[in-house]
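Text of the file structure-v4.txt, holding compact mmCIF, C-alpha atoms:
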# COMPACT_ATOMS: atom_id res chain seq x y z
CA MET A 1 -6.68 11.58 -5.79
CA GLN A 2 -4.49 14.23 -4.33
CA THR A 3 -2.99 16.93 -6.49
CA PRO A 4 0.16 19.02 -6.08
CA SER A 5 -1.92 21.95 -4.83
CA ASN A 6 -3.46 19.86 -2.03
CA GLU A 7 -1.68 20.33 1.31
CA ASN A 8 -1.89 16.56 1.88
CA THR A 9 -0.04 15.70 -1.32
CA ARG A 10 2.09 12.59 -1.18
CA LEU A 11 5.45 13.84 -2.43
CA SER A 12 6.49 10.37 -3.51
CA ASP A 13 3.66 9.88 -5.96
CA THR A 14 2.57 13.18 -7.47
CA PRO A 15 1.27 13.22 -10.17
CA ARG A 16 -0.64 9.97 -10.52
CA ALA A 17 -3.81 8.71 -12.11
CA SER A 18 -6.61 7.56 -9.84
CA THR A 19 -8.29 4.69 -11.66
CA SER A 20 -6.15 3.44 -14.50
CA THR A 21 -4.93 -0.13 -14.84
CA SER A 22 -2.25 -1.20 -17.26
CA THR A 23 -0.45 -4.34 -18.24
CA SER A 24 3.20 -4.60 -19.15
CA THR A 25 5.58 -7.46 -19.68
CA SER A 26 9.27 -8.08 -19.46
CA ALA A 27 9.35 -10.08 -22.70
CA GLU A 28 9.86 -8.47 -26.09
CA SER A 29 6.64 -9.96 -27.48
CA GLU A 30 3.34 -9.57 -25.70
CA PRO A 31 2.27 -12.80 -23.97
CA ALA A 32 -1.36 -13.83 -23.74
CA ALA A 33 -3.39 -12.42 -20.85
CA GLY A 34 -2.90 -14.45 -17.71
CA SER A 35 0.55 -15.66 -18.73
CA PRO A 36 3.17 -15.84 -15.99
CA LYS A 37 5.09 -12.88 -17.47
CA GLU A 38 2.16 -10.48 -17.37
CA ILE A 39 2.43 -7.57 -14.94
CA ILE A 40 -0.83 -5.86 -14.03
CA ARG A 41 -0.54 -2.38 -12.53
CA HIS A 42 -3.40 -0.55 -10.81
CA HIS A 43 -3.82 3.22 -10.44
CA VAL A 44 -0.86 4.04 -12.63
CA GLY A 45 0.62 7.52 -12.47
CA ALA A 46 3.65 9.18 -13.98
CA ARG A 47 5.79 8.32 -10.96
CA LEU A 48 4.30 5.15 -9.49
CA SER A 49 1.49 2.61 -9.45
CA GLU A 50 -0.58 2.04 -6.34
CA SER A 51 -0.14 -1.71 -6.85
CA ALA A 52 1.31 -4.30 -9.21
CA VAL A 53 0.44 -7.97 -9.56
CA TYR A 54 2.99 -10.46 -10.88
CA GLY A 55 3.40 -14.19 -10.46
CA GLY A 56 0.49 -14.52 -8.05
CA VAL A 57 1.77 -11.78 -5.75
CA VAL A 58 0.39 -8.26 -5.24
CA TYR A 59 2.87 -5.54 -4.30
CA LEU A 60 1.40 -2.37 -2.79
CA ALA A 61 3.06 1.02 -2.90
CA GLY A 62 3.56 2.81 0.40
CA MET A 63 0.11 3.72 1.71
CA VAL A 64 -0.15 7.01 3.61
CA PRO A 65 -3.18 8.59 5.26
CA GLU A 66 -5.63 10.53 3.14
CA SER A 67 -5.46 13.25 5.79
CA GLY A 68 -2.63 14.19 8.10
CA GLU A 69 -5.06 15.84 10.51
CA THR A 70 -5.79 12.79 12.72
CA ASP A 71 -3.75 11.09 15.43
CA ILE A 72 -1.68 7.92 14.88
CA GLN A 73 -4.66 5.66 15.49
CA GLY A 74 -6.86 7.51 12.99
CA GLN A 75 -4.07 7.54 10.41
CA THR A 76 -3.41 3.83 10.98
CA ARG A 77 -7.11 2.97 10.49
CA ASP A 78 -7.12 5.03 7.28
CA VAL A 79 -4.02 3.31 5.88
CA LEU A 80 -5.20 -0.20 6.79
CA ALA A 81 -8.56 0.47 5.11
CA GLN A 82 -6.67 1.54 1.97
CA ILE A 83 -4.67 -1.70 2.11
CA ASP A 84 -7.91 -3.70 2.38
CA ARG A 85 -9.30 -1.92 -0.71
CA HIS A 86 -6.16 -2.36 -2.80
CA LEU A 87 -5.79 -6.02 -1.85
CA GLN A 88 -9.43 -6.69 -2.74
CA GLU A 89 -8.99 -4.95 -6.09
CA ALA A 90 -5.99 -7.19 -6.81
CA GLY A 91 -7.78 -10.40 -5.79
CA SER A 92 -6.33 -10.79 -2.32
CA ASP A 93 -7.03 -9.86 1.30
CA LYS A 94 -5.25 -9.37 4.63
CA THR A 95 -5.30 -13.12 5.39
CA ARG A 96 -2.83 -13.56 2.50
CA LEU A 97 -0.26 -10.94 3.55
CA LEU A 98 3.29 -12.13 2.99
CA ARG A 99 5.16 -9.14 4.42
CA VAL A 100 4.40 -5.70 5.87
CA GLU A 101 6.76 -2.79 6.43
CA ILE A 102 5.58 0.02 8.69
CA PHE A 103 7.29 3.40 8.78
CA LEU A 104 6.47 5.64 11.74
CA ALA A 105 7.44 9.29 11.91
CA ASN A 106 7.89 8.79 15.67
CA ILE A 107 8.66 5.30 16.97
CA ALA A 108 7.06 6.32 20.28
CA ASP A 109 3.71 5.90 18.43
CA ILE A 110 4.24 2.13 18.06
CA GLY A 111 2.04 1.23 21.05
CA ALA A 112 -0.94 3.28 19.85
CA MET A 113 -0.44 2.03 16.29
CA ASN A 114 -0.31 -1.59 17.52
CA VAL A 115 -3.70 -1.19 19.22
CA VAL A 116 -5.27 -0.53 15.80
CA TRP A 117 -3.06 -3.11 14.02
CA ASP A 118 -4.02 -5.84 16.52
CA GLN A 119 -7.74 -5.15 15.93
CA TRP A 120 -7.21 -5.28 12.14
CA VAL A 121 -4.79 -8.14 11.54
CA SER A 122 -6.38 -11.53 10.86
CA ALA A 123 -5.99 -13.89 13.84
CA GLY A 124 -3.61 -16.70 12.97
CA ASN A 125 -2.45 -14.89 9.82
CA ALA A 126 -0.15 -12.19 11.19
CA PRO A 127 2.47 -11.54 8.49
CA PRO A 128 6.19 -11.01 8.95
CA ARG A 129 6.46 -7.33 9.82
CA ALA A 130 9.09 -4.67 10.27
CA THR A 131 8.38 -1.39 12.04
CA VAL A 132 10.93 1.42 11.85
CA GLU A 133 11.14 5.14 12.46
CA ALA A 134 11.54 7.22 9.32
CA LYS A 135 11.17 10.79 8.16
CA LEU A 136 8.07 10.71 5.95
CA ALA A 137 7.47 12.82 2.82
CA ASN A 138 4.78 14.99 4.45
CA PRO A 139 5.44 16.14 8.03
CA ALA A 140 1.73 15.67 8.85
CA TYR A 141 1.98 11.93 8.15
CA LYS A 142 2.60 9.73 11.15
CA ILE A 143 2.60 6.40 9.28
CA GLU A 144 3.31 4.79 5.91
CA VAL A 145 2.76 1.08 5.24
CA VAL A 146 4.07 -1.13 2.42
CA ALA A 147 2.45 -4.55 2.00
CA THR A 148 2.93 -7.63 -0.16
CA ALA A 149 0.33 -10.41 -0.41
CA ALA A 150 -0.44 -13.59 -2.30
CA VAL A 151 -3.32 -13.40 -4.76
CA LYS A 152 -6.18 -15.83 -4.15
CA ALA A 153 -6.07 -18.84 -6.48
Full structure transcribed into structure tokens:
Amino acid sequence: MQTPSNENTRLSDTPRASTSTSTSTSAESEPAAGSPKEIIRHHVGARLSESAVYGGVVYLAGMVPESGETDIQGQTRDVLAQIDRHLQEAGSDKTRLLRVEIFLANIADIGAMNVVWDQWVSAGNAPPRATVEAKLANPAYKIEVVATAAVKA
């Protein structure tokens, strides 16, 4: 977990807890575990959760590299490995991706990023994807990825 004093701090999520999981619901009374109204959040912090599961779908927060010191391919590998871990924790995997949004600090990096993406994405299961250029929270970051996936039945 990164802290505000760490030069690689993700501005969008500081502070946050590293291992907590919580459950919340939209109903006034608490439904039984496993009910359709249950929201399960993983790695809950003051500002955001790393993921939330609701209605058989896992929603991941924007994943950024653990270190901004590598090139676009290294940062992409890092982020995709984080996505794999978070999906597994939520009971899903990359074959069940429903949508992916990729934010690149420099759209000129799309070719190099796609080399890593193409090696990672599951053949026959490529999700709908958007890739855009965006100013990221930390100037050292070259990529941020948001993913949504179906939970395994």
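With distances taken over all atoms listed in the file, A:Val100 is the one residue among A:Val100, A:Ala46, A:Leu136, A:Ala105 lying closest to Ile83 of chain A.
The coordinates place atom CA of Leu97 of chain A at 7.1 Å from atom CA of Ala147 of chain A.
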Test item: residues at most 6 Å from Leu98 of chain A, only C-alpha atoms, excluding those fewer than 2 positions along its chain, as a ChimeraX atom specification | /A:127,148-149
Point-to-point distance in Å for atom CA of Ala126 of chain A and atom CA of Thr95 of chain A = 7.8 Å
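If only C-alpha atoms are the atoms counted, then among A:Val58, A:Ala112, A:Ile102, A:Val121 the closest residue to Ile143 of chain A is A:Ile102.
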Could you tell me which of A:Gln88, A:Glu144, A:Arg129, A:Arg96 comes closest to Met63 of chain A if we count all atoms listed in the file?
-> A:Glu144
Could you please determine the separation between atom CA of Leu60 of chain A and atom CA of Asn106 of chain A in Å, to one decimal place?
-> 22.5 Å
Taking the structure I provided as the source, export segment 44-74 of chain A with C-alpha atoms, as a PDB file, in the first residue's frame.
ATOM      1  CA  VAL A  44     -11.657  -0.235   1.286  1.00  0.00           C
ATOM      2  CA  GLY A  45     -10.035   3.103   2.023  1.00  0.00           C
ATOM      3  CA  ALA A  46     -11.315   6.498   3.052  1.00  0.00           C
ATOM      4  CA  ARG A  47     -11.595   7.631  -0.573  1.00  0.00           C
ATOM      5  CA  LEU A  48     -12.199   4.481  -2.613  1.00  0.00           C
ATOM      6  CA  SER A  49     -12.355   0.704  -2.752  1.00  0.00           C
ATOM      7  CA  GLU A  50     -10.077  -1.267  -5.047  1.00  0.00           C
ATOM      8  CA  SER A  51     -13.108  -3.278  -6.179  1.00  0.00           C
ATOM      9  CA  ALA A  52     -16.805  -3.790  -5.554  1.00  0.00           C
ATOM     10  CA  VAL A  53     -18.991  -6.773  -6.392  1.00  0.00           C
ATOM     11  CA  TYR A  54     -22.725  -6.362  -6.969  1.00  0.00           C
ATOM     12  CA  GLY A  55     -25.266  -8.391  -8.889  1.00  0.00           C
ATOM     13  CA  GLY A  56     -22.708 -10.855 -10.224  1.00  0.00           C
ATOM     14  CA  VAL A  57     -20.430  -8.125 -11.573  1.00  0.00           C
ATOM     15  CA  VAL A  58     -17.044  -6.982 -10.248  1.00  0.00           C
ATOM     16  CA  TYR A  59     -16.099  -3.345 -10.781  1.00  0.00           C
ATOM     17  CA  LEU A  60     -12.410  -2.487 -10.437  1.00  0.00           C
ATOM     18  CA  ALA A  61     -11.077   0.942  -9.557  1.00  0.00           C
ATOM     19  CA  GLY A  62      -8.523   2.459 -11.898  1.00  0.00           C
ATOM     20  CA  MET A  63      -5.369   0.353 -11.636  1.00  0.00           C
ATOM     21  CA  VAL A  64      -2.076   2.227 -11.947  1.00  0.00           C
ATOM     22  CA  PRO A  65       1.478   0.873 -11.855  1.00  0.00           C
ATOM     23  CA  GLU A  66       3.093   0.186  -8.510  1.00  0.00           C
ATOM     24  CA  SER A  67       6.142   2.035  -9.832  1.00  0.00           C
ATOM     25  CA  GLY A  68       6.352   4.825 -12.348  1.00  0.00           C
ATOM     26  CA  GLU A  69       9.985   3.986 -13.080  1.00  0.00           C
ATOM     27  CA  THR A  70       9.410   1.507 -15.943  1.00  0.00           C
ATOM     28  CA  ASP A  71       8.461   2.030 -19.587  1.00  0.00           C
ATOM     29  CA  ILE A  72       4.912   1.644 -20.950  1.00  0.00           C
ATOM     30  CA  GLN A  73       5.323  -2.095 -21.438  1.00  0.00           C
ATOM     31  CA  GLY A  74       6.555  -2.643 -17.877  1.00  0.00           C
TER      32      GLY A  74
END
